[in-house]
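Comments concern the structure below.
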Amino acid sequence: MSDTFKFSIKTLGCKVNQVESETMMLDLAGYDVEPVDEYERADAIIVNTCSVTGEADAKTRKAIRKMARSPRCSSVIVTGCSAALHEEELLELDEKVHVVVDKTAVAAFIVESFSLDVTRDDDVEQRMRHENEPLFRTRSFVKVQDGCENFCSYCIVPYARGACVSMPFREIIARVEDLVSSGTREIVLTGINIGRYRDETQQISDISDLIEAVAETGIERIRVSSIEPVDIDEKFTSLFERIPQMCEHVHIPLQSGSNTVLGRMGRRYTKEEFARSAALLRSVSPDISLTTDVIVGFPHESDEEFEQTVRFCEEIGFSKIHVFRYSPREGTPAALEEQIPSCTVVSRADELRKVSDDLARRYRARFVGKPLEVLMERASGGRVAGTSREYLHVDLSLDVCARADISPVQGGIITVIG
């Protein structure tokens, strides 16, 4: 219907935000609405913001101004981390802007503001899933936890997201079961600090207990988005032996391979403790893919401290390093410290990215001639692409698939030789 209320969602930042945007979309599924990808066609635009760095805040403001210039749009609803930290500043960007700090209240705000009617389409949720890629994929993210209480000296997230909160266990299981029934083959458990997950009302004491319960839903693959090194213990690592659905990939944020820098960052482990966590995982899964985050150019980081980080990353043998150039984040203790010249930060980031590329090549080389289980996710221009259990991205031509007698159906799981 041409007069149906149309809305669009612009998501910035982390995968948790992606999941929360999906939830907002589904919260509107019971009303006479039409989600659209093109924001120019939308009557209202939701901007789910990120505030993890000063650059992220700048991107947020730019996105809001761009959305507000759309002639059709009458309301830009701003939510997310930047909304929680900078409500008054964002309201001043444009008269169309409305800030809703509580993400769970966004749908209700839109329903009330636009007097939306309940839909007559009983299958609207499935229609939204079908029509609105890339939010809904054969791999789905399930938010299990929010908030963080670590208060690292460079990070604004605890101020924006608040204390740790775990999603109710029964709701998570119901969500996974729903995804399984709708054809999802892999779920990724995500959150801000998922190692803090627990639901004592259901005798779920940690993330390992939750994973064991998720495995019983019939989901074929389980992946953990990111977990702190302090939360990797024998109970967690044993999952990779006992639960066949566990993907052989763990993202563990390192941030620095120098103990002195880790101390100034307020991280709660040493590099030796990090190494023990990595060794524990490899003791049960020798070819497991370990990816990480590293911040370079942290205040007062010396040449020697940076070289310690480079050597440590090579010793661990990560399959990929996400390299972040430190930039001061207003409101954090580290922003008050003397900063390293930007040219030095850029140079160090370039060097560590080259290390990451080399480590990635070495890791991929392990699988030459070996079978890889791949979840097919995309098909375009005579090629198909997917992701292995080890989080290796596999790209194949349809001709190669035909010669190998492989049927790469989107959403299917196939075995290829690396």
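Numbering starts fresh at 1 for the residues of each chain in the structure tokens, the chains themselves are lettered A, B, ... in the order given, and ligands are numbered from 1 as they appear.
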Worksheet item: Counting only C-alpha atoms, what is within 10 Å of range 411-415 of chain A, bar same-chain residues fewer than 4 positions away, as a PyMOL selection string?
Response: chain A and resi 137-139+183-186+220+370-378+386-388+406-407
Would you output that residue set with C-alpha atoms, as a PDB file, in the first residue's frame?
ATOM      1  CA  ARG A 137      20.898 -14.035   7.530  1.00  0.00           C
ATOM      2  CA  THR A 138      21.585 -17.747   7.710  1.00  0.00           C
ATOM      3  CA  ARG A 139      23.891 -16.726  10.569  1.00  0.00           C
ATOM      4  CA  GLY A 183      16.079 -22.012   8.996  1.00  0.00           C
ATOM      5  CA  THR A 184      19.022 -20.437  10.797  1.00  0.00           C
ATOM      6  CA  ARG A 185      22.027 -22.758  10.751  1.00  0.00           C
ATOM      7  CA  GLU A 186      24.439 -20.794  12.974  1.00  0.00           C
ATOM      8  CA  GLU A 220      23.871 -26.712  13.999  1.00  0.00           C
ATOM      9  CA  LYS A 370      42.117 -30.176   4.334  1.00  0.00           C
ATOM     10  CA  PRO A 371      38.304 -30.305   4.453  1.00  0.00           C
ATOM     11  CA  LEU A 372      36.455 -27.205   5.619  1.00  0.00           C
ATOM     12  CA  GLU A 373      32.824 -27.083   6.651  1.00  0.00           C
ATOM     13  CA  VAL A 374      31.380 -23.926   5.099  1.00  0.00           C
ATOM     14  CA  LEU A 375      28.052 -22.199   5.689  1.00  0.00           C
ATOM     15  CA  MET A 376      27.007 -20.645   2.361  1.00  0.00           C
ATOM     16  CA  GLU A 377      25.787 -17.081   2.808  1.00  0.00           C
ATOM     17  CA  ARG A 378      25.944 -15.155  -0.461  1.00  0.00           C
ATOM     18  CA  GLY A 386      30.501 -18.517   2.952  1.00  0.00           C
ATOM     19  CA  THR A 387      32.267 -18.920   6.271  1.00  0.00           C
ATOM     20  CA  SER A 388      33.987 -21.935   7.767  1.00  0.00           C
ATOM     21  CA  ILE A 406      28.893 -29.401  -4.786  1.00  0.00           C
ATOM     22  CA  SER A 407      25.462 -27.780  -4.548  1.00  0.00           C
TER      23      SER A 407
END
For this session: Could you give me, as a VMD selection string, the residues within 12 Å of range 54-62 of chain A, counting only C-alpha atoms and dropping anything in the same chain fewer than 6 positions from it?
Result: chain A and resid 10 to 14 46 to 48 68 to 69 76 78 to 87 89 to 94 97 154 to 156 324 to 332 335
Create the file for the chosen residues now, containing C-alpha atoms and written as an mmCIF file, in the first residue's frame.
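Heads up, here's the output in selection.cif:
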data_model
loop_
_atom_site.group_PDB
_atom_site.id
_atom_site.type_symbol
_atom_site.label_atom_id
_atom_site.label_comp_id
_atom_site.auth_asym_id
_atom_site.auth_seq_id
_atom_site.Cartn_x
_atom_site.Cartn_y
_atom_site.Cartn_z
ATOM 1 C CA LYS A 10 20.517 3.145 10.277
ATOM 2 C CA THR A 11 22.789 1.060 12.503
ATOM 3 C CA LEU A 12 26.223 2.259 13.551
ATOM 4 C CA GLY A 13 28.857 0.415 15.562
ATOM 5 C CA CYS A 14 29.014 -3.067 16.991
ATOM 6 C CA ILE A 46 15.779 5.252 13.507
ATOM 7 C CA VAL A 47 19.488 5.929 14.048
ATOM 8 C CA ASN A 48 21.021 3.376 16.419
ATOM 9 C CA ALA A 68 17.182 14.835 8.768
ATOM 10 C CA ARG A 69 17.677 16.367 5.306
ATOM 11 C CA VAL A 76 14.654 11.037 13.194
ATOM 12 C CA VAL A 78 18.048 8.644 17.847
ATOM 13 C CA THR A 79 18.909 5.878 20.296
ATOM 14 C CA GLY A 80 21.971 3.898 21.386
ATOM 15 C CA CYS A 81 25.179 4.759 23.196
ATOM 16 C CA SER A 82 25.648 8.266 21.809
ATOM 17 C CA ALA A 83 22.053 9.079 22.749
ATOM 18 C CA ALA A 84 22.732 7.981 26.321
ATOM 19 C CA LEU A 85 25.804 10.205 26.594
ATOM 20 C CA HIS A 86 24.919 13.257 24.493
ATOM 21 C CA GLU A 87 21.135 13.646 24.542
ATOM 22 C CA GLU A 89 23.733 17.873 22.019
ATOM 23 C CA LEU A 90 21.962 15.538 19.598
ATOM 24 C CA LEU A 91 18.592 17.246 20.091
ATOM 25 C CA GLU A 92 20.169 20.477 18.894
ATOM 26 C CA LEU A 93 21.228 18.998 15.547
ATOM 27 C CA ASP A 94 17.804 19.379 13.913
ATOM 28 C CA VAL A 97 15.480 14.810 16.004
ATOM 29 C CA TYR A 154 40.206 4.349 27.501
ATOM 30 C CA CYS A 155 36.622 3.091 27.238
ATOM 31 C CA ILE A 156 33.335 5.006 27.404
ATOM 32 C CA PHE A 324 42.743 0.253 16.337
ATOM 33 C CA ARG A 325 44.591 3.535 16.461
ATOM 34 C CA TYR A 326 44.131 5.086 19.886
ATOM 35 C CA SER A 327 42.296 8.394 19.913
ATOM 36 C CA PRO A 328 41.287 10.276 23.073
ATOM 37 C CA ARG A 329 37.731 9.592 24.189
ATOM 38 C CA GLU A 330 36.331 12.540 26.140
ATOM 39 C CA GLY A 331 35.102 11.425 29.541
ATOM 40 C CA THR A 332 37.708 8.705 30.049
ATOM 41 C CA ALA A 335 42.001 11.205 27.440
#
Give one line per residue of range 49-159 of chain A that approaches range 247-269 of chain A to at most 9 Å, naming the two atoms of the closest pair and their distance in Å to one decimal, counting only C-alpha atoms; sort by chain then ascending residue number and deliver it as JSON lines.
{"residue": "A:Asn150", "atom": "CA", "partner": "A:Arg267", "partner_atom": "CA", "distance": 7.9}
{"residue": "A:Phe151", "atom": "CA", "partner": "A:Gly266", "partner_atom": "CA", "distance": 7.4}
{"residue": "A:Cys152", "atom": "CA", "partner": "A:Gly266", "partner_atom": "CA", "distance": 4.8}
{"residue": "A:Ser153", "atom": "CA", "partner": "A:Met265", "partner_atom": "CA", "distance": 5.1}
{"residue": "A:Tyr154", "atom": "CA", "partner": "A:Met265", "partner_atom": "CA", "distance": 6.5}
How about saving the chosen residues, N, CA and C atoms kept, as an mmCIF file, in the first residue's frame?
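Here's the written file again_34.cif:
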data_model
loop_
_atom_site.group_PDB
_atom_site.id
_atom_site.type_symbol
_atom_site.label_atom_id
_atom_site.label_comp_id
_atom_site.auth_asym_id
_atom_site.auth_seq_id
_atom_site.Cartn_x
_atom_site.Cartn_y
_atom_site.Cartn_z
ATOM 1 N N ASN A 150 33.969 -3.028 33.752
ATOM 2 C CA ASN A 150 35.428 -3.084 33.817
ATOM 3 C C ASN A 150 36.068 -1.707 33.937
ATOM 4 N N PHE A 151 35.459 -0.705 33.322
ATOM 5 C CA PHE A 151 35.957 0.674 33.373
ATOM 6 C C PHE A 151 37.438 0.761 32.986
ATOM 7 N N CYS A 152 37.773 0.200 31.829
ATOM 8 C CA CYS A 152 39.114 0.383 31.286
ATOM 9 C C CYS A 152 39.332 1.883 31.060
ATOM 10 N N SER A 153 40.567 2.325 31.192
ATOM 11 C CA SER A 153 40.823 3.766 31.235
ATOM 12 C C SER A 153 40.561 4.488 29.923
ATOM 13 N N TYR A 154 40.428 3.738 28.819
ATOM 14 C CA TYR A 154 40.206 4.349 27.501
ATOM 15 C C TYR A 154 38.765 4.244 27.023
#
Practice problem: Extract the full set of alpha helix (DSSP H) residues from range 14-140 of chain A according to DSSP on the backbone, and format it as an MDAnalysis selection string. | Solution: chainID A and resid 15:27 54:68 81:85 87:91 106:114 124:131
### Task
Assign secondary structure with DSSP using the backbone only, and return the residues of range 286-346 of chain A in strand (DSSP E) as a PyMOL selection string.
chain A and resi 289-296+320-325
